[in-house]
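What follows is the content of protein.csv (CSV, C-alpha atoms).
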chain,number,residue,atom,x,y,z
K,336,MET,CA,54.2,-122.2,-93.4
K,337,ILE,CA,54.9,-125.2,-91.1
K,338,ASN,CA,55.1,-128.6,-92.9
K,339,LEU,CA,53.4,-131.3,-90.9
K,340,SER,CA,53.4,-133.9,-93.8
K,341,SER,CA,54.6,-137.4,-93.4
K,342,ASN,CA,58.1,-136.2,-94.4
K,343,THR,CA,58.4,-134.3,-91.1
K,344,ASN,CA,61.5,-135.5,-89.3
K,345,CYS,CA,64.0,-134.8,-86.6
K,346,ASN,CA,65.4,-131.8,-88.5
K,347,THR,CA,62.1,-130.3,-89.7
K,348,PHE,CA,61.7,-127.8,-86.9
K,349,SER,CA,65.3,-126.7,-86.8
K,350,GLU,CA,64.7,-124.5,-89.8
K,351,PHE,CA,62.2,-122.3,-87.9
K,352,ASN,CA,63.0,-119.2,-85.9
K,353,PRO,CA,62.6,-120.1,-82.2
K,354,ALA,CA,59.9,-117.4,-82.0
K,355,THR,CA,57.7,-119.3,-84.4
K,356,PRO,CA,54.6,-120.3,-82.5
K,357,LEU,CA,54.4,-124.1,-83.2
K,358,SER,CA,51.7,-124.6,-80.6
K,359,ALA,CA,48.9,-124.0,-83.0
K,360,ALA,CA,50.2,-126.6,-85.4
K,361,TYR,CA,50.7,-129.1,-82.5
K,362,GLU,CA,47.1,-128.4,-81.3
K,363,PHE,CA,45.9,-129.4,-84.8
K,364,VAL,CA,47.9,-132.6,-84.7
K,365,GLU,CA,46.5,-133.4,-81.2
K,366,ILE,CA,42.9,-132.9,-82.2
K,367,SER,CA,43.3,-135.1,-85.3
K,368,ARG,CA,45.0,-137.9,-83.3
K,369,ASN,CA,41.9,-138.4,-81.1
K,370,ASP,CA,39.8,-140.0,-83.9
K,371,LYS,CA,42.3,-142.8,-84.6
K,372,SER,CA,43.6,-145.7,-82.6
K,373,ASP,CA,47.2,-145.7,-81.4
K,374,PHE,CA,48.0,-148.6,-83.7
K,375,THR,CA,46.6,-146.9,-86.8
K,376,LEU,CA,48.6,-143.7,-85.9
K,377,LEU,CA,51.7,-145.7,-85.5
K,378,GLU,CA,51.1,-147.6,-88.7
K,379,GLU,CA,50.9,-144.3,-90.6
K,380,PHE,CA,54.0,-143.1,-88.9
K,381,ALA,CA,55.9,-146.3,-89.7
K,382,GLN,CA,54.8,-146.2,-93.4
K,383,SER,CA,56.0,-142.6,-93.7
K,384,ARG,CA,59.4,-143.8,-92.4
K,385,ASN,CA,59.4,-147.0,-94.5
K,386,TRP,CA,60.1,-149.1,-91.5
K,387,SER,CA,61.3,-152.7,-91.8
K,388,PHE,CA,59.5,-153.7,-88.6
K,389,ASP,CA,56.4,-155.9,-88.1
K,390,LEU,CA,54.0,-153.7,-86.2
K,391,ASN,CA,51.6,-156.6,-85.7
K,392,LYS,CA,54.0,-157.9,-83.0
K,393,ILE,CA,53.2,-154.8,-80.9
K,394,LYS,CA,49.4,-154.5,-81.5
K,395,ARG,CA,48.6,-156.3,-78.2
K,396,PHE,CA,51.0,-154.0,-76.2
K,397,LEU,CA,49.1,-150.9,-77.4
K,398,GLN,CA,45.8,-152.4,-76.4
K,399,ASP,CA,46.7,-152.0,-72.7
K,400,ARG,CA,45.9,-148.4,-71.8
K,401,ASN,CA,48.6,-148.4,-69.2
K,402,ASN,CA,51.4,-149.0,-71.8
K,403,THR,CA,53.0,-146.3,-73.8
K,404,ILE,CA,55.2,-146.1,-76.9
K,405,VAL,CA,57.7,-143.3,-77.5
K,406,VAL,CA,59.4,-143.0,-80.9
K,407,THR,CA,62.4,-140.9,-81.4
K,408,CYS,CA,64.5,-140.0,-84.5
K,409,GLU,CA,68.0,-141.4,-84.8
K,410,LYS,CA,69.2,-138.3,-83.0
K,411,GLU,CA,66.8,-139.2,-80.1
K,412,LYS,CA,64.3,-136.3,-80.4
K,413,ILE,CA,60.7,-137.5,-79.7
K,414,GLU,CA,58.7,-137.7,-82.9
K,415,TRP,CA,55.7,-139.7,-81.8
K,416,VAL,CA,54.0,-140.8,-78.6
K,417,SER,CA,51.0,-143.1,-78.0
K,418,LYS,CA,48.0,-141.8,-76.1
K,419,GLY,CA,49.2,-143.8,-73.1
K,420,PHE,CA,52.1,-141.3,-72.8
K,421,THR,CA,49.7,-138.6,-71.5
K,422,ARG,CA,48.2,-141.1,-68.9
K,423,MET,CA,51.6,-142.0,-67.7
K,424,THR,CA,53.4,-138.7,-67.7
K,425,GLY,CA,50.7,-136.0,-67.7
K,426,TYR,CA,52.3,-134.4,-70.8
K,427,VAL,CA,50.2,-134.3,-74.0
K,428,SER,CA,52.0,-135.2,-77.3
K,429,ASN,CA,52.5,-131.6,-78.4
K,430,GLU,CA,54.5,-131.0,-75.2
K,431,ALA,CA,56.8,-134.1,-75.9
K,432,ILE,CA,57.3,-133.9,-79.6
K,433,GLY,CA,60.7,-132.3,-80.4
K,434,GLN,CA,62.0,-132.9,-76.9
K,435,PHE,CA,64.6,-135.4,-75.8
K,436,PRO,CA,63.2,-138.2,-73.5
K,437,ARG,CA,65.5,-136.9,-70.7
K,438,PHE,CA,63.1,-134.1,-70.1
K,439,LEU,CA,61.2,-136.7,-68.0
K,440,GLN,CA,64.3,-137.3,-65.8
K,441,GLY,CA,65.3,-135.6,-62.6
K,442,SER,CA,67.4,-135.8,-59.4
K,443,GLU,CA,66.1,-139.3,-58.5
K,444,THR,CA,66.9,-140.7,-61.9
K,445,ALA,CA,69.9,-143.0,-61.4
K,446,VAL,CA,73.1,-142.0,-63.3
K,447,GLU,CA,73.7,-145.7,-64.0
K,448,ALA,CA,70.4,-146.1,-65.8
K,449,LYS,CA,71.1,-143.0,-67.9
K,450,LYS,CA,74.5,-144.3,-68.8
K,451,ALA,CA,73.2,-147.8,-69.6
K,452,ILE,CA,70.6,-146.3,-72.0
K,453,ARG,CA,73.2,-144.0,-73.6
K,454,ASN,CA,75.7,-146.9,-74.2
K,455,LYS,CA,73.1,-149.1,-75.9
K,456,ILE,CA,71.7,-146.3,-78.0
K,457,ASN,CA,75.2,-145.2,-79.1
K,458,VAL,CA,75.7,-148.6,-80.7
K,459,ALA,CA,72.1,-149.0,-81.8
K,460,GLU,CA,71.4,-152.1,-79.6
K,461,LYS,CA,68.4,-153.0,-77.6
K,462,TYR,CA,68.1,-151.7,-74.0
K,463,SER,CA,65.9,-153.2,-71.3
K,464,GLY,CA,65.7,-151.8,-67.8
K,465,LYS,CA,64.0,-149.6,-65.3
K,466,ILE,CA,64.3,-145.8,-64.9
K,467,VAL,CA,62.9,-143.3,-62.5
K,468,ASN,CA,61.0,-140.6,-64.4
K,469,TYR,CA,59.0,-137.5,-63.4
K,470,ARG,CA,55.4,-136.7,-64.3
K,471,LYS,CA,54.4,-133.2,-65.3
K,472,ASN,CA,53.2,-132.5,-61.8
K,473,GLY,CA,56.6,-133.5,-60.4
K,474,GLU,CA,55.6,-136.9,-59.0
K,475,ILE,CA,58.2,-139.7,-59.6
K,476,TYR,CA,57.3,-143.0,-61.1
K,477,LEU,CA,59.3,-146.1,-62.0
K,478,CYS,CA,59.2,-147.0,-65.7
K,479,LYS,CA,60.1,-150.4,-67.2
K,480,VAL,CA,61.4,-149.6,-70.7
K,481,ASP,CA,62.5,-151.6,-73.7
K,482,ILE,CA,64.2,-149.6,-76.4
K,483,LEU,CA,64.8,-151.0,-79.9
K,484,PRO,CA,66.5,-149.5,-82.9
K,485,ILE,CA,64.3,-149.3,-86.0
K,486,TYR,CA,65.7,-149.6,-89.5
K,487,ASN,CA,64.0,-148.7,-92.8
K,488,LYS,CA,63.8,-151.1,-95.8
K,489,SER,CA,67.2,-149.7,-96.9
K,490,ASP,CA,68.8,-150.9,-93.7
K,491,SER,CA,69.4,-147.3,-92.4
K,492,LEU,CA,68.7,-146.5,-88.7
K,493,VAL,CA,65.7,-144.2,-88.8
K,494,ASN,CA,64.2,-144.3,-85.3
K,495,PHE,CA,64.3,-145.8,-81.8
K,496,ILE,CA,61.1,-147.2,-80.3
K,497,ALA,CA,60.6,-147.4,-76.6
K,498,PHE,CA,57.9,-149.7,-75.0
K,499,GLU,CA,57.1,-148.4,-71.5
K,500,TYR,CA,54.9,-149.2,-68.6
K,501,GLU,CA,54.9,-148.1,-65.0
K,502,VAL,CA,56.0,-150.5,-62.3
K,503,GLU,CA,55.7,-150.3,-58.6
K,504,ILE,CA,58.6,-148.6,-56.8
K,505,PRO,CA,60.2,-151.1,-54.3
K,506,LEU,CA,60.1,-150.0,-50.7
K,507,ASN,CA,63.6,-149.9,-49.1
Output the file's structure in the form of structure tokens.
Amino acid sequence: MINLSSNTNCNTFSEFNPATPLSAAYEFVEISRNDKSDFTLLEEFAQSRNWSFDLNKIKRFLQDRNNTIVVTCEKEKIEWVSKGFTRMTGYVSNEAIGQFPRFLQGSETAVEAKKAIRNKINVAEKYSGKIVNYRKNGEIYLCKVDILPIYNKSDSLVNFIAFEYEVEIPLN
């Protein structure tokens, strides 16, 4: 039986045989998400991780339908995405959860941007910048991203949270 409790974390799905069909479980999660606001869903997620982070500071960010939030575990696997993620990327949450954010990158993604993100994440520091990503249909888009480390109330790094929105690609 698949455990989708609030204790689900980055390592939860590593126990399962790769042949285990997780799509049915993710479908259930996707359906139940639609009844709640992104902020409520993120609050529930944050409570389950015992975050030491004031979510009220980001409530306004989530109210803009063009913004998205991506939360990864400390090992950088995606654990939660806002509904705006689907509008921006074309991927629904069950296609993103368990993946590394780099699944959105491609040949036009600058190596320098990837290195800058990696360097900041490795030392658990804030990153701000722009990166070229790819939608599910293969179309590129430029994403402004701010990534912050999230600590729990015991001061342990538990997640990274990325605030993202699409920006216009400059013409050369």
Considering all atoms listed in the file, return as a short mmCIF file (atom, residue, chain, number, x, y, z; two decimals) with C-alpha atoms, in the coordinates of the input whatever protein or nucleic-acid residues lie within 10 Å of region 441-446 of chain K, sequence-local ones (same chain, fewer than 3 positions apart) excluded.
data_model
loop_
_atom_site.label_atom_id
_atom_site.label_comp_id
_atom_site.auth_asym_id
_atom_site.auth_seq_id
_atom_site.Cartn_x
_atom_site.Cartn_y
_atom_site.Cartn_z
CA ARG K 437 65.50 -136.90 -70.70
CA PHE K 438 63.10 -134.10 -70.10
CA LYS K 449 71.10 -143.00 -67.90
CA LYS K 450 74.50 -144.30 -68.80
CA ALA K 451 73.20 -147.80 -69.60
CA LYS K 465 64.00 -149.60 -65.30
CA ILE K 466 64.30 -145.80 -64.90
CA VAL K 467 62.90 -143.30 -62.50
CA ASN K 468 61.00 -140.60 -64.40
CA TYR K 469 59.00 -137.50 -63.40
CA GLY K 473 56.60 -133.50 -60.40
CA ILE K 475 58.20 -139.70 -59.60
CA TYR K 476 57.30 -143.00 -61.10
CA LEU K 477 59.30 -146.10 -62.00
#
Residue contacts of region 414-427 of chain K (6 Å, all atoms listed in the file) excluding same-chain residues fewer than 4 positions away, as an NGL selection string:
:K and (373 or 400 or 402-407 or 432 or 470-471)
Please compute the CA of Lys412 (chain K)-CA of Ser387 (chain K) distance, one decimal, in Å.
20.2 Å
List every protein, DNA or RNA residue that has at least one atom no more than 12 Å from (64.8, -150.0, -74.4) in the file's coordinates, counting only C-alpha atoms, and write the result as a ChimeraX atom specification.
/K:404-407,436,448-449,451-456,459-466,478-485,495-500
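Proximity ranking of K:Cys408, K:Leu492, K:Ile393, K:Ala431 relative to Phe374 (chain K) places K:Ile393 first, based on only C-alpha atoms.
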Interatomic distance, CA of Tyr486 (chain K) to CA of Gln398 (chain K) (Å, one decimal):
24.0 Å
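In this model, the gap between CA of Gln434 (chain K) and CA of Trp386 (chain K) comes to 21.9 Å.
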Box for region 395-404 of chain K - axis-aligned, 3 Å on each of the six sides, all listed atoms - centre and size in Å to one decimal, as AutoDock Vina command-line options.
--center_x 50.5 --center_y -151.2 --center_z -73.7 --size_x 15.4 --size_y 16.2 --size_z 15.0
Min atom-atom distance to Asn472 (chain K) from the set K:Val458, K:Leu390, K:Leu439, K:Leu376, counting all atoms listed in the file, belongs to K:Leu439
